[in-house]
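Written out below as structure tokens is the structure these notes cover.
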Amino acid sequence: MPSFRQKFSGFFRQFSAPSESRNDENASNRFIKKYLTGHEVQKYEPIILHGRTPQEVPPQQLGGIKSYEVVSSLTGPHGGLISVNQTEKHLSASDPEINFIDNLEDDSHNGEKKVNVSTNDSTDETSNVESKQNILKKLRHPLVAGVENWNVPHTNAYGASCSLYEVHPITHRHTGDPIADCFAIVTRANSAIMVLADGVNWGVKSRTAARSAVHGCVDYLNKTIFTAEKESPKNTTDVLVTLLRSFHAAHNMILQEEGTLTTLTAIVVLPSTVDNHYVACCCNVGDSLGYVYSSKYGVRELTQGSHDVHRMRDMRDVMGALGPVDGHNPELSNLTLSITQVDLDDIVFITSDGVSDNLDPVVGHFTGLPSVEAYQRHKLSLLRTEDLIRNGVSGKGPAVDTAKDLVTLLLDFVTRLTAAKRRILEDMEIYADANGKPLAQGEVRQKRKEIIRKMFGVPGKLDHATVVAFKINSGK
């Protein structure tokens, strides 16, 4: 029987490079050569405008929302935001929070939010009847975060999650369970909401934080932007203000449900005033990153303003989080608002760091360069992602055509990339003695620590991995 050291070496040789490198030795270097020869330079690509406040981001005018009827909706994993045990608050006309939701006035008065409360006691009989009808409808078809049915997927509006951690050979459970990520996507005729949260660390409370954040955020956006009772936003500043407030709702939901900490990234796609052009408006805190793929311009990172691409970062640092970081307060040091133009057939997508970190050339061990600067790592990550989308894991295509294709491709790639680490950590010798008797937890932990230290040369990062994506369409 081979020793553990021999098996370790065998696993490393077999799985240490992504499959495209084994099938085509030039495939994994294609994007590097493109970078080194300068072929990646574009004469023009839609710019990304970003800032810390809505007023710092130059406003762009928006077109009209065609319909408020939901076309597709999906949340996950394992129930996603539906699994949050929260009771909808019964609203009344005298509730001061109602007008706060609608109020998009200037909030610059000493940093305080204005709340205008008005009550009309002379409500006529007709509106009372309509109100009762609406209540009865909601009782028959209860909405969760503003959506009646969360299981209406579409090939151009899709999301999925998986665990990249090893499976315990005795208990047959993934290390790190449950998956602490959560995503949701809702599309309408010419618009979309897409949200992703990554609970910080492991455990049920981290998962609760992610689910609560997504629930609170989506619910607020649906109630303020996508309702016939409110005026549609006229420009991107209105949308960014609403996104900021949706993060406040997300944070409050985490505290209500007693979750811990989570990242959160939300993108709202709306039509611009120019036919067949759209605007992606984004708010993010933490290290869940948003991107746009264009067949014409390649991949650009919508959330790049939230981190300094010229500084090497510690991937263990999430940079910011909602939830009770300091007492009841969140950590908003890298909270960023961003907008960019998107066109028909572009794919907007968000990834957890279990995906984005594994697309990093150093983590994935596919640079082939003696040293890489921080800005080069960022650019090579984008080129690596673009190369995957255009050429697939095999390097021979076909190119991604739908949002579902993109989600499936990226999760497949990071699963393959991290296979060696999983196989090494799934060896029975770590968990049982020569007679098959399970070792004590302390012994297992010590063995795992020693092995992990030796796995520096093995590519990939074990984590929970989630992607949610939306392909822009005309809605016709």
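Here's how to read the names in the structure tokens: chain A, B, ... by the order shown, residue numbers from 1 in each chain, ligand numbers from 1 in the order shown.
Residues lying within 10 Å of Ser272 of chain A, counting only C-alpha atoms and ignoring same-chain neighbours fewer than 4 positions away, are Gln60, Gln61, Leu62, Gly63, Gly64, Ile65, Lys234, Asn235, Thr236, Asn276, His277, Tyr278, Val279, Ala280, Gln341, Val342 and Asp343 of chain A.
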Residue selection dump (N, CA and C atoms) as a JSON list (two decimals), in the first residue's frame:
[["chain", "number", "residue", "atom", "x", "y", "z"],
["A", 60, "GLN", "N", -26.86, 59.23, -14.38],
["A", 60, "GLN", "CA", -27.24, 58.88, -15.74],
["A", 60, "GLN", "C", -28.77, 58.77, -15.78],
["A", 61, "GLN", "N", -29.36, 59.31, -16.85],
["A", 61, "GLN", "CA", -30.82, 59.25, -16.97],
["A", 61, "GLN", "C", -31.27, 57.83, -17.31],
["A", 62, "LEU", "N", -32.45, 57.48, -16.81],
["A", 62, "LEU", "CA", -32.98, 56.14, -17.03],
["A", 62, "LEU", "C", -34.26, 56.19, -17.85],
["A", 63, "GLY", "N", -34.51, 55.08, -18.57],
["A", 63, "GLY", "CA", -35.77, 54.94, -19.30],
["A", 63, "GLY", "C", -36.84, 54.39, -18.39],
["A", 64, "GLY", "N", -37.96, 54.01, -18.96],
["A", 64, "GLY", "CA", -39.08, 53.52, -18.17],
["A", 64, "GLY", "C", -39.06, 52.02, -17.98],
["A", 65, "ILE", "N", -39.56, 51.56, -16.84],
["A", 65, "ILE", "CA", -39.73, 50.14, -16.58],
["A", 65, "ILE", "C", -40.98, 49.67, -17.30],
["A", 234, "LYS", "N", -35.89, 58.13, -11.94],
["A", 234, "LYS", "CA", -35.60, 58.89, -13.16],
["A", 234, "LYS", "C", -34.12, 58.83, -13.54],
["A", 235, "ASN", "N", -33.27, 58.62, -12.54],
["A", 235, "ASN", "CA", -31.83, 58.58, -12.82],
["A", 235, "ASN", "C", -31.14, 57.62, -11.85],
["A", 236, "THR", "N", -29.87, 57.40, -12.11],
["A", 236, "THR", "CA", -29.13, 56.41, -11.33],
["A", 236, "THR", "C", -28.91, 56.85, -9.88],
["A", 276, "ASN", "N", -32.02, 49.87, -26.46],
["A", 276, "ASN", "CA", -31.14, 48.68, -26.39],
["A", 276, "ASN", "C", -29.89, 48.90, -25.54],
["A", 277, "HIS", "N", -29.91, 49.92, -24.71],
["A", 277, "HIS", "CA", -28.83, 50.15, -23.76],
["A", 277, "HIS", "C", -29.41, 50.15, -22.35],
["A", 278, "TYR", "N", -28.63, 49.66, -21.41],
["A", 278, "TYR", "CA", -29.09, 49.53, -20.03],
["A", 278, "TYR", "C", -28.00, 50.06, -19.10],
["A", 279, "VAL", "N", -28.38, 50.23, -17.83],
["A", 279, "VAL", "CA", -27.42, 50.65, -16.82],
["A", 279, "VAL", "C", -27.46, 49.66, -15.66],
["A", 280, "ALA", "N", -26.28, 49.19, -15.25],
["A", 280, "ALA", "CA", -26.16, 48.33, -14.07],
["A", 280, "ALA", "C", -25.74, 49.20, -12.90],
["A", 341, "GLN", "N", -22.58, 51.23, -18.10],
["A", 341, "GLN", "CA", -23.49, 50.92, -19.20],
["A", 341, "GLN", "C", -23.34, 49.46, -19.59],
["A", 342, "VAL", "N", -24.46, 48.80, -19.85],
["A", 342, "VAL", "CA", -24.44, 47.44, -20.36],
["A", 342, "VAL", "C", -25.35, 47.37, -21.59],
["A", 343, "ASP", "N", -25.02, 46.44, -22.48],
["A", 343, "ASP", "CA", -25.71, 46.35, -23.75],
["A", 343, "ASP", "C", -26.43, 45.02, -23.90]]
Using the chain letters and numbers from this document, which residues of segment 380-417 of chain A does DSSP assign to helix (DSSP H, G or I), as a PyMOL selection string? chain A and resi 380-391+403-417
Nearest-residue call for Leu380 of chain A, choices A:Lys461, A:His172, A:Arg423, A:Arg300, using only C-alpha atoms: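 Between A:Lys461, A:His172, A:Arg423, A:Arg300, the residue approaching Leu380 of chain A most closely is A:Arg300.
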Any idea what's packed within 6 Å of Leu264 of chain A, counting only C-alpha atoms, ignoring anything in its chain fewer than 6 positions away? Could you give it as an mmCIF file with N, CA, C and O atoms, in the first residue's frame?
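Written out: out-v6.cif:
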data_model
loop_
_atom_site.group_PDB
_atom_site.id
_atom_site.type_symbol
_atom_site.label_atom_id
_atom_site.label_comp_id
_atom_site.auth_asym_id
_atom_site.auth_seq_id
_atom_site.Cartn_x
_atom_site.Cartn_y
_atom_site.Cartn_z
ATOM 1 N N LEU A 196 -26.195 38.816 -3.944
ATOM 2 C CA LEU A 196 -25.411 37.688 -3.426
ATOM 3 C C LEU A 196 -24.784 38.085 -2.096
ATOM 4 O O LEU A 196 -24.251 39.192 -1.953
ATOM 5 N N ALA A 197 -24.874 37.180 -1.123
ATOM 6 C CA ALA A 197 -24.248 37.385 0.189
ATOM 7 C C ALA A 197 -23.414 36.161 0.537
ATOM 8 O O ALA A 197 -23.785 35.037 0.220
ATOM 9 N N ASN A 284 -22.029 47.427 -2.981
ATOM 10 C CA ASN A 284 -21.389 46.248 -2.393
ATOM 11 C C ASN A 284 -20.600 46.595 -1.149
ATOM 12 O O ASN A 284 -20.082 47.706 -1.005
ATOM 13 N N VAL A 285 -20.546 45.633 -0.244
ATOM 14 C CA VAL A 285 -19.673 45.706 0.923
ATOM 15 C C VAL A 285 -19.077 44.321 1.110
ATOM 16 O O VAL A 285 -19.766 43.308 1.001
#
Atom-to-atom span, atom CA of Arg422 of chain A and atom CA of Gln446 of chain A, Å: 17.1 Å
Atom CA of Gly298 of chain A and atom CA of His50 of chain A, how far apart in Å?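 Computing it gives 19.8 Å between the two atoms.
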Students should find that atom CA of Val363 of chain A and atom CA of Pro178 of chain A are spaced 24.1 Å
Who sits within 12 Å of Gly354 of chain A, only C-alpha atoms, same chain under 4 positions skipped, as number ranges by chain: A: 161-165, 179-181, 197-200, 287-289, 315-316, 318, 350, 358-360, 363-364, 410-411, 413-415, 417-418, 460-467
For the contact check between segment 154-187 of chain A and segment 212-233 of chain A, emit one row per residue of segment 154-187 of chain A within 8 Å, containing the shortest atom pair and the distance in Å rounded to one decimal, counting only C-alpha atoms, chain then rising number order, as a Markdown table.
| residue | atom | partner | partner_atom | distance |
| --- | --- | --- | --- | --- |
| A:Cys182 | CA | A:Val214 | CA | 7.0 |
| A:Phe183 | CA | A:Val214 | CA | 6.8 |
| A:Ala184 | CA | A:Val214 | CA | 7.0 |
Write the selection just made, keeping all heavy atoms, as a compact mmCIF listing (two decimals), in the first residue's frame?
# COMPACT_ATOMS: atom_id res chain seq x y z
N CYS A 182 -25.72 32.91 -0.03
CA CYS A 182 -27.12 33.01 -0.45
C CYS A 182 -27.18 33.93 -1.67
O CYS A 182 -26.44 34.91 -1.76
CB CYS A 182 -27.99 33.57 0.67
SG CYS A 182 -29.76 33.66 0.26
N PHE A 183 -28.05 33.58 -2.63
CA PHE A 183 -28.24 34.44 -3.80
C PHE A 183 -29.73 34.55 -4.10
O PHE A 183 -30.55 33.72 -3.67
CB PHE A 183 -27.52 33.88 -5.03
CG PHE A 183 -28.14 32.63 -5.59
CD1 PHE A 183 -29.18 32.69 -6.50
CD2 PHE A 183 -27.70 31.37 -5.19
CE1 PHE A 183 -29.78 31.54 -7.01
CE2 PHE A 183 -28.28 30.22 -5.69
CZ PHE A 183 -29.32 30.29 -6.60
N ALA A 184 -30.09 35.59 -4.84
CA ALA A 184 -31.45 35.75 -5.35
C ALA A 184 -31.39 36.56 -6.62
O ALA A 184 -30.57 37.47 -6.76
CB ALA A 184 -32.34 36.43 -4.32
Can you pull out every residue within 10 Å of Gln376 of chain A, counting only C-alpha atoms, but drop anything in the same chain fewer than 6 positions away, and send it as a list in words? Tyr35, Val309, His310, Pro361 and Leu382 of chain A
Now that the selection is made, can you save its residues with N, CA, C and O atoms as an mmCIF file, in the first residue's frame?
data_model
loop_
_atom_site.group_PDB
_atom_site.id
_atom_site.type_symbol
_atom_site.label_atom_id
_atom_site.label_comp_id
_atom_site.auth_asym_id
_atom_site.auth_seq_id
_atom_site.Cartn_x
_atom_site.Cartn_y
_atom_site.Cartn_z
ATOM 1 N N TYR A 35 -1.995 39.144 -22.485
ATOM 2 C CA TYR A 35 -1.651 40.264 -21.614
ATOM 3 C C TYR A 35 -0.243 40.790 -21.903
ATOM 4 O O TYR A 35 -0.025 41.988 -22.048
ATOM 5 N N VAL A 309 -6.701 47.944 -6.540
ATOM 6 C CA VAL A 309 -6.106 46.923 -7.412
ATOM 7 C C VAL A 309 -4.584 47.057 -7.481
ATOM 8 O O VAL A 309 -3.911 46.179 -8.031
ATOM 9 N N HIS A 310 -4.031 48.128 -6.921
ATOM 10 C CA HIS A 310 -2.578 48.325 -6.936
ATOM 11 C C HIS A 310 -1.916 47.862 -5.635
ATOM 12 O O HIS A 310 -0.717 48.048 -5.453
ATOM 13 N N PRO A 361 -4.619 34.494 -10.694
ATOM 14 C CA PRO A 361 -3.535 33.710 -11.306
ATOM 15 C C PRO A 361 -2.554 33.117 -10.313
ATOM 16 O O PRO A 361 -1.953 32.081 -10.593
ATOM 17 N N LEU A 382 -9.137 38.980 -14.691
ATOM 18 C CA LEU A 382 -10.203 39.316 -15.646
ATOM 19 C C LEU A 382 -9.988 38.595 -16.974
ATOM 20 O O LEU A 382 -10.945 38.089 -17.580
#
Out of A:Ile170, A:Arg311, A:Asp238, A:Leu409, which residue has the shortest atom-to-atom distance to Leu439 of chain A when counting only C-alpha atoms?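 Selected residue with least distance to Leu439 of chain A: A:Ile170.
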Ranking A:Ser381, A:Thr75, A:Ser83, A:Asn201 by minimum distance to Ala157 of chain A and counting only C-alpha atoms, which one comes first?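 Nearest to Ala157 of chain A: A:Thr75.
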List every residue of segment 125-302 of chain A that DSSP, applied to the backbone of this structure, assigns to strand (DSSP E), and report them as a PyMOL selection string. chain A and resi 151-152+157-163+181-188+191-198+264-271+277-285+289-294+298-301
Close residues, segment 256-260 of chain A itself excluded, 6 Å, only C-alpha atoms, min 4 positions apart in chain, as a PyMOL selection string: chain A and resi 205-206+208-209+323
Let's have the selection written as a CSV table (one decimal), in the first residue's frame, with N, CA, C and O atoms.
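Output contents, as saved in result_12.csv:
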chain,number,residue,atom,x,y,z
A,205,LYS,N,-25.3,30.4,11.9
A,205,LYS,CA,-25.5,31.9,12.1
A,205,LYS,C,-24.9,32.7,10.9
A,205,LYS,O,-25.4,33.7,10.6
A,206,SER,N,-23.8,32.2,10.3
A,206,SER,CA,-23.3,32.9,9.1
A,206,SER,C,-24.3,32.7,8.0
A,206,SER,O,-24.5,33.6,7.2
A,208,THR,N,-27.5,32.3,8.3
A,208,THR,CA,-28.6,33.1,8.6
A,208,THR,C,-28.3,34.6,8.3
A,208,THR,O,-29.2,35.2,7.7
A,209,ALA,N,-27.1,35.0,8.5
A,209,ALA,CA,-26.8,36.4,8.2
A,209,ALA,C,-26.9,36.6,6.6
A,209,ALA,O,-27.4,37.6,6.2
A,323,GLY,N,-24.0,43.2,9.6
A,323,GLY,CA,-24.1,42.4,10.8
A,323,GLY,C,-23.4,43.1,12.0
A,323,GLY,O,-22.8,44.1,11.8
Quick one: everything within 7 Å of Ile472 of chain A, counting only C-alpha atoms, minus sequence neighbours fewer than 5 positions away in the same chain. Send it as a count of residues only. 5
